[in-house]
Structures are given as structure tokens and as C-alpha cells.
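**Q** This is the structure I want to talk about, given as C-alpha cells.
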Amino acid sequence: MEKIALFYGSDTGCTDDVTKDFTSLWGNKELDIREISSVSKEDFDSFKIFFFGLSTWYDGDLQSDWETFFDDFKKVDFTNKVVAIYGLGDQVGYGEYFVDGIGILAKTVIENGGKVIGNWPVEGYRFTDSVALMEEKEGYFYGLAIDNDNQSQLSDDRLRKWVNQLKLELSPYLVSERASYHREVVLEV
Ligand SMILES: Cc1cc2nc3c(=O)[nH]c(=O)nc-3n(C[C@H](O)[C@H](O)[C@H](O)COP(=O)(O)O)c2cc1C
């Protein structure tokens with residue numbers, strides 16, 4: 001079975017920590033986990049399902065490794081690909097730019113033909129504005145917002161719920177992946 005790509009970037013280690021929690025909830029076996037600093041545009045060709053992790057910095061900018069990669073990212077064709085994004089931010093210190101990075105990646109994926117799943121409700125957060133707010137679905141972020149600067153006590157529960165949501169949303173894709181694996185590997189041997 002094809003693996004799911006998990007590409008992430010972290011400046012001070014917070015997204016690293018959340019990525020570790022995410023992978024232990026999801027299960028390492030199905031994931032190909034890489035820091036975005038070691039990913040090339042061609043690496044996207046080998047996957048149909050992606051998880052992206054990042055933080056937002058300097059008034060709405062992408063985490064630095066994602067920022068460096070972004071020109072290449074904008075050239076990735078996401079047709080027939082599915083993406084879920086988790087992003088870290090600080091709703092108190094940077095309430096006008098809260099988790100903007102989620103929105104910057106999500107909008108690029110959609111513009112380039114992809115589908116963004118794992119949309120997450122804005123209830124429980126207090127912020128002024130965010131690029132991560134969905135245009136298509138009022139009251140939702142494109143992906144999971146984690147604020148370990150102000151609401152770390154909520155993060156485990158949010159992550160756990162999001163992983164369950166993703167498992168449900170991805171089940172049609174995972175079932176067809178498993179079915180094709182069964183056809184190719186099991187039945188043809
Ligand atoms: C200088 C600075 C700028 C930041 N800018 C933003 C921002 O624009 N939006 C936001 O939501 N969070 C912002 N943050 C908060 C970080 O995204 C947050 O602390 C995150 O957990 C860092 O994750 P990392 O260590 O994985 O990079 C900023 C933090 C710092 C110190």
C-alpha cells in the first residue's frame with residue numbers, strides 16, 4: 001500500500017512535538033515522515049495523500065523551511081491528491097494572523113487542483129483574523145489550529161479528535177488503496 005506523506009517544518013520545536021504526537025496517534029507504519037527542508041518538488045509525485053504540519057511566523061509568514069520551499073510548492077500539481085494540514089500559532093500575540101500558514105498552504109493546494117480535508121471549527125479560539133478561515137465554509141479553518149502558547153491544555157484533545165475525523169474522511173481513499181494493494185499483491189501472486 002502506498003504510504004501517506006507527512007511533510008512538516010518547525011522553527012523552535014513546537015510543530016516537531018505536535019508531529020510526534022500526531023504520528024503516534026496515527027501509527028508510524030502508514031506514514032513517510034520528512035522535514036520539508038529535505039523534500040523536493042518531485043517527491044510529491046509519489047503520493048496521493050498528504051499531511052502538512054507548520055507554524056506561522058512574523059505576522060502571517062510561513063515557517064522558515066516552508067517559506068524557502070514555497071516557490072516550488074506553488075508548482076506542485078495537486079490534481080487527484082488529498083491534503084490535511086495542522087498548523088501552530090499564537091491567537092493572543094498574533095491574533096490578526098492566527099495560523100495564517102494553514103490558509104496559505106490550503107489555498108495553494110486548492111488552486112493547484114487538490115482537495116483539502118480535515119476542516120476544523122473556529123469555536124474555542126479568540127482571534128481577529130486568519131488567512132486559514134475558509135471561504136467555502138463559514139466558521140471553519142482549512143485545517144487543525146493548535147495554540148500551545150495559550151491553550152496547550154486543549155491540544156491533546158483537539159489532536160485526538162482531528163485524527164479520528166481524518167480517519168473517517170480518508171476511509172474511502174484508504175479502502176480503495178487497500179483494495180488495489182489486495183488486487184496487485186495478493187491476488188496476482
Ligand atoms: C516572532 C514570532 C512571530 C510569530 N508570528 C505568528 C503569526 O504571525 N501568527 C501566528 O499564529 N503565530 C505566530 N507566532 C507563534 C508561533 O507560530 C508559535 O509559537 C508556534 O508554536 C511556533 O512553532 P514552531 O516552534 O514549530 O515554529 C509567532 C511567534 C514568534 C516568536
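Residues are referred to by chain and number: the chain letter is A, B, ... according to the order shown in the C-alpha cells, the number counts from 1 in that chain, and ligands are numbered separately from 1 in the order shown.
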Could you list, with a cut-off of 7 Å and counting only C-alpha atoms and all ligand atoms, the residues of chain A near ligand 1, each shown with its nearest atom pair and the distance in Å rounded to one decimal, rows sorted by chain and ascending number, as JSON lines?

**A**
```
{"residue": "A:Gly9", "atom": "CA", "partner": "ligand 1", "partner_atom_place_in_ligand_line": "26 (O)", "distance": 6.7}
{"residue": "A:Ser10", "atom": "CA", "partner": "ligand 1", "partner_atom_place_in_ligand_line": "26 (O)", "distance": 3.5}
{"residue": "A:Asp11", "atom": "CA", "partner": "ligand 1", "partner_atom_place_in_ligand_line": "27 (O)", "distance": 3.5}
{"residue": "A:Thr12", "atom": "CA", "partner": "ligand 1", "partner_atom_place_in_ligand_line": "25 (O)", "distance": 3.2}
{"residue": "A:Gly13", "atom": "CA", "partner": "ligand 1", "partner_atom_place_in_ligand_line": "25 (O)", "distance": 4.1}
{"residue": "A:Cys14", "atom": "CA", "partner": "ligand 1", "partner_atom_place_in_ligand_line": "26 (O)", "distance": 3.8}
{"residue": "A:Thr15", "atom": "CA", "partner": "ligand 1", "partner_atom_place_in_ligand_line": "26 (O)", "distance": 3.5}
{"residue": "A:Asp16", "atom": "CA", "partner": "ligand 1", "partner_atom_place_in_ligand_line": "26 (O)", "distance": 6.0}
{"residue": "A:Leu54", "atom": "CA", "partner": "ligand 1", "partner_atom_place_in_ligand_line": "26 (O)", "distance": 6.4}
{"residue": "A:Ser55", "atom": "CA", "partner": "ligand 1", "partner_atom_place_in_ligand_line": "17 (O)", "distance": 4.5}
{"residue": "A:Thr56", "atom": "CA", "partner": "ligand 1", "partner_atom_place_in_ligand_line": "17 (O)", "distance": 4.2}
{"residue": "A:Trp57", "atom": "CA", "partner": "ligand 1", "partner_atom_place_in_ligand_line": "5 (N)", "distance": 3.4}
{"residue": "A:Tyr58", "atom": "CA", "partner": "ligand 1", "partner_atom_place_in_ligand_line": "3 (C)", "distance": 4.0}
{"residue": "A:Asp59", "atom": "CA", "partner": "ligand 1", "partner_atom_place_in_ligand_line": "8 (O)", "distance": 3.3}
{"residue": "A:Gly60", "atom": "CA", "partner": "ligand 1", "partner_atom_place_in_ligand_line": "8 (O)", "distance": 3.8}
{"residue": "A:Asp61", "atom": "CA", "partner": "ligand 1", "partner_atom_place_in_ligand_line": "8 (O)", "distance": 6.1}
{"residue": "A:Gln63", "atom": "CA", "partner": "ligand 1", "partner_atom_place_in_ligand_line": "27 (O)", "distance": 6.1}
{"residue": "A:Leu88", "atom": "CA", "partner": "ligand 1", "partner_atom_place_in_ligand_line": "21 (O)", "distance": 4.9}
{"residue": "A:Gly89", "atom": "CA", "partner": "ligand 1", "partner_atom_place_in_ligand_line": "11 (O)", "distance": 3.2}
{"residue": "A:Asp90", "atom": "CA", "partner": "ligand 1", "partner_atom_place_in_ligand_line": "12 (N)", "distance": 4.1}
{"residue": "A:Gln91", "atom": "CA", "partner": "ligand 1", "partner_atom_place_in_ligand_line": "11 (O)", "distance": 5.7}
{"residue": "A:Tyr94", "atom": "CA", "partner": "ligand 1", "partner_atom_place_in_ligand_line": "9 (N)", "distance": 4.8}
{"residue": "A:Gly95", "atom": "CA", "partner": "ligand 1", "partner_atom_place_in_ligand_line": "11 (O)", "distance": 6.8}
{"residue": "A:Tyr97", "atom": "CA", "partner": "ligand 1", "partner_atom_place_in_ligand_line": "9 (N)", "distance": 4.6}
{"residue": "A:Phe98", "atom": "CA", "partner": "ligand 1", "partner_atom_place_in_ligand_line": "11 (O)", "distance": 3.4}
{"residue": "A:Val99", "atom": "CA", "partner": "ligand 1", "partner_atom_place_in_ligand_line": "11 (O)", "distance": 3.9}
{"residue": "A:Asp100", "atom": "CA", "partner": "ligand 1", "partner_atom_place_in_ligand_line": "9 (N)", "distance": 6.2}
{"residue": "A:Asp147", "atom": "CA", "partner": "ligand 1", "partner_atom_place_in_ligand_line": "21 (O)", "distance": 6.5}
{"residue": "A:Asn148", "atom": "CA", "partner": "ligand 1", "partner_atom_place_in_ligand_line": "21 (O)", "distance": 5.8}
{"residue": "A:Asp149", "atom": "CA", "partner": "ligand 1", "partner_atom_place_in_ligand_line": "19 (O)", "distance": 5.9}
```

**Q** Those selected residues, please, written with N, CA and C atoms and delivered as a PDB file, in the first residue's frame.

**A**
```pdb
ATOM      1  N   GLY A   9       7.491  21.324   9.074  1.00  0.00           N
ATOM      2  CA  GLY A   9       8.611  22.215   9.380  1.00  0.00           C
ATOM      3  C   GLY A   9       8.353  22.932  10.690  1.00  0.00           C
ATOM      4  N   SER A  10       9.433  23.177  11.439  1.00  0.00           N
ATOM      5  CA  SER A  10       9.294  23.743  12.783  1.00  0.00           C
ATOM      6  C   SER A  10      10.495  24.634  13.075  1.00  0.00           C
ATOM      7  N   ASP A  11      10.271  25.830  13.631  1.00  0.00           N
ATOM      8  CA  ASP A  11      11.400  26.711  13.955  1.00  0.00           C
ATOM      9  C   ASP A  11      11.940  26.477  15.355  1.00  0.00           C
ATOM     10  N   THR A  12      11.056  26.379  16.334  1.00  0.00           N
ATOM     11  CA  THR A  12      11.546  26.252  17.713  1.00  0.00           C
ATOM     12  C   THR A  12      11.131  24.925  18.356  1.00  0.00           C
ATOM     13  N   GLY A  13      10.649  23.987  17.547  1.00  0.00           N
ATOM     14  CA  GLY A  13      10.390  22.648  18.062  1.00  0.00           C
ATOM     15  C   GLY A  13       8.945  22.340  18.423  1.00  0.00           C
ATOM     16  N   CYS A  14       8.069  23.353  18.395  1.00  0.00           N
ATOM     17  CA  CYS A  14       6.681  23.082  18.817  1.00  0.00           C
ATOM     18  C   CYS A  14       5.952  22.207  17.797  1.00  0.00           C
ATOM     19  N   THR A  15       6.131  22.494  16.511  1.00  0.00           N
ATOM     20  CA  THR A  15       5.484  21.659  15.486  1.00  0.00           C
ATOM     21  C   THR A  15       6.110  20.264  15.460  1.00  0.00           C
ATOM     22  N   ASP A  16       7.400  20.202  15.797  1.00  0.00           N
ATOM     23  CA  ASP A  16       8.061  18.893  15.966  1.00  0.00           C
ATOM     24  C   ASP A  16       7.309  18.046  16.986  1.00  0.00           C
ATOM     25  N   LEU A  54       2.965  22.777  10.049  1.00  0.00           N
ATOM     26  CA  LEU A  54       3.788  24.003  10.011  1.00  0.00           C
ATOM     27  C   LEU A  54       3.347  24.971  11.094  1.00  0.00           C
ATOM     28  N   SER A  55       4.190  25.972  11.339  1.00  0.00           N
ATOM     29  CA  SER A  55       3.807  27.074  12.212  1.00  0.00           C
ATOM     30  C   SER A  55       3.774  28.352  11.382  1.00  0.00           C
ATOM     31  N   THR A  56       3.245  29.412  11.992  1.00  0.00           N
ATOM     32  CA  THR A  56       3.201  30.726  11.332  1.00  0.00           C
ATOM     33  C   THR A  56       4.130  31.668  12.082  1.00  0.00           C
ATOM     34  N   TRP A  57       4.869  32.485  11.335  1.00  0.00           N
ATOM     35  CA  TRP A  57       5.845  33.396  11.934  1.00  0.00           C
ATOM     36  C   TRP A  57       5.741  34.793  11.340  1.00  0.00           C
ATOM     37  N   TYR A  58       6.224  35.760  12.072  1.00  0.00           N
ATOM     38  CA  TYR A  58       6.424  37.147  11.588  1.00  0.00           C
ATOM     39  C   TYR A  58       5.212  37.712  10.859  1.00  0.00           C
ATOM     40  N   ASP A  59       4.137  37.813  11.594  1.00  0.00           N
ATOM     41  CA  ASP A  59       2.938  38.454  11.057  1.00  0.00           C
ATOM     42  C   ASP A  59       2.429  37.785   9.782  1.00  0.00           C
ATOM     43  N   GLY A  60       2.150  36.507   9.921  1.00  0.00           N
ATOM     44  CA  GLY A  60       1.469  35.805   8.835  1.00  0.00           C
ATOM     45  C   GLY A  60       2.354  35.138   7.811  1.00  0.00           C
ATOM     46  N   ASP A  61       3.625  34.924   8.146  1.00  0.00           N
ATOM     47  CA  ASP A  61       4.508  34.222   7.203  1.00  0.00           C
ATOM     48  C   ASP A  61       4.554  32.726   7.507  1.00  0.00           C
ATOM     49  N   GLN A  63       6.347  29.167   8.235  1.00  0.00           N
ATOM     50  CA  GLN A  63       7.552  28.705   8.948  1.00  0.00           C
ATOM     51  C   GLN A  63       8.727  28.723   7.954  1.00  0.00           C
ATOM     52  N   LEU A  88       0.462  25.464  13.814  1.00  0.00           N
ATOM     53  CA  LEU A  88       0.605  26.064  15.143  1.00  0.00           C
ATOM     54  C   LEU A  88       0.649  27.580  15.044  1.00  0.00           C
ATOM     55  N   GLY A  89       0.092  28.228  16.072  1.00  0.00           N
ATOM     56  CA  GLY A  89       0.093  29.680  16.096  1.00  0.00           C
ATOM     57  C   GLY A  89      -0.223  30.199  17.483  1.00  0.00           C
ATOM     58  N   ASP A  90      -0.283  31.518  17.571  1.00  0.00           N
ATOM     59  CA  ASP A  90      -0.497  32.200  18.857  1.00  0.00           C
ATOM     60  C   ASP A  90      -1.629  33.207  18.662  1.00  0.00           C
ATOM     61  N   GLN A  91      -2.829  32.847  19.153  1.00  0.00           N
ATOM     62  CA  GLN A  91      -4.007  33.674  18.907  1.00  0.00           C
ATOM     63  C   GLN A  91      -4.012  34.960  19.728  1.00  0.00           C
ATOM     64  N   TYR A  94      -0.620  37.127  18.169  1.00  0.00           N
ATOM     65  CA  TYR A  94      -0.678  37.356  16.715  1.00  0.00           C
ATOM     66  C   TYR A  94      -2.099  37.122  16.201  1.00  0.00           C
ATOM     67  N   GLY A  95      -3.061  37.718  16.918  1.00  0.00           N
ATOM     68  CA  GLY A  95      -4.482  37.471  16.635  1.00  0.00           C
ATOM     69  C   GLY A  95      -4.961  37.933  15.278  1.00  0.00           C
ATOM     70  N   TYR A  97      -3.195  37.383  12.603  1.00  0.00           N
ATOM     71  CA  TYR A  97      -2.546  36.498  11.615  1.00  0.00           C
ATOM     72  C   TYR A  97      -2.585  35.054  12.101  1.00  0.00           C
ATOM     73  N   PHE A  98      -3.607  34.731  12.896  1.00  0.00           N
ATOM     74  CA  PHE A  98      -3.606  33.441  13.592  1.00  0.00           C
ATOM     75  C   PHE A  98      -3.563  32.279  12.585  1.00  0.00           C
ATOM     76  N   VAL A  99      -2.566  31.427  12.750  1.00  0.00           N
ATOM     77  CA  VAL A  99      -2.324  30.244  11.891  1.00  0.00           C
ATOM     78  C   VAL A  99      -2.501  30.520  10.395  1.00  0.00           C
ATOM     79  N   ASP A 100      -2.063  31.697   9.959  1.00  0.00           N
ATOM     80  CA  ASP A 100      -2.176  32.035   8.533  1.00  0.00           C
ATOM     81  C   ASP A 100      -1.547  30.962   7.637  1.00  0.00           C
ATOM     82  N   ASP A 147      -2.755  25.882  19.392  1.00  0.00           N
ATOM     83  CA  ASP A 147      -2.135  27.050  20.037  1.00  0.00           C
ATOM     84  C   ASP A 147      -1.509  26.615  21.359  1.00  0.00           C
ATOM     85  N   ASN A 148      -0.266  26.167  21.282  1.00  0.00           N
ATOM     86  CA  ASN A 148       0.405  25.712  22.509  1.00  0.00           C
ATOM     87  C   ASN A 148       0.959  26.873  23.330  1.00  0.00           C
ATOM     88  N   ASP A 149       0.894  28.092  22.785  1.00  0.00           N
ATOM     89  CA  ASP A 149       1.308  29.263  23.566  1.00  0.00           C
ATOM     90  C   ASP A 149       0.244  29.640  24.593  1.00  0.00           C
TER      91      ASP A 149
END
```

**Q** Any idea what's packed within 8 Å of Ser40 of chain A, counting only C-alpha atoms, ignoring anything in its chain fewer than 3 positions away? Could you give it as a list in words?

**A**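 Close residues of Ser40 of chain A: Asp43, Phe44 and Asp72 of chain A.
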
**Q** Can you tell me, as a count of residues only, what residues are no more than 6 Å from segment 101-105 of chain A when counting only C-alpha atoms, ignoring any on the same chain fewer than 6 positions away?

**A** 5

**Q** A:Val18, A:Ala145, A:Leu133, A:Ile4: which is nearest Tyr173 of chain A, counting only C-alpha atoms?

**A**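 Checking each of A:Val18, A:Ala145, A:Leu133, A:Ile4 against Tyr173 of chain A, counting only C-alpha atoms, the winner is A:Ile4.
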
**Q** Excluding Ala5 of chain A and residues on its chain fewer than 6 positions from it, collect all residues at most 7 Å away from it, counting only C-alpha atoms, and give them as a list in words.

**A**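 Contacts, in chain order: Leu31, Asp32, Ile33, Phe47, Ile49, Phe50 and Phe51 of chain A.
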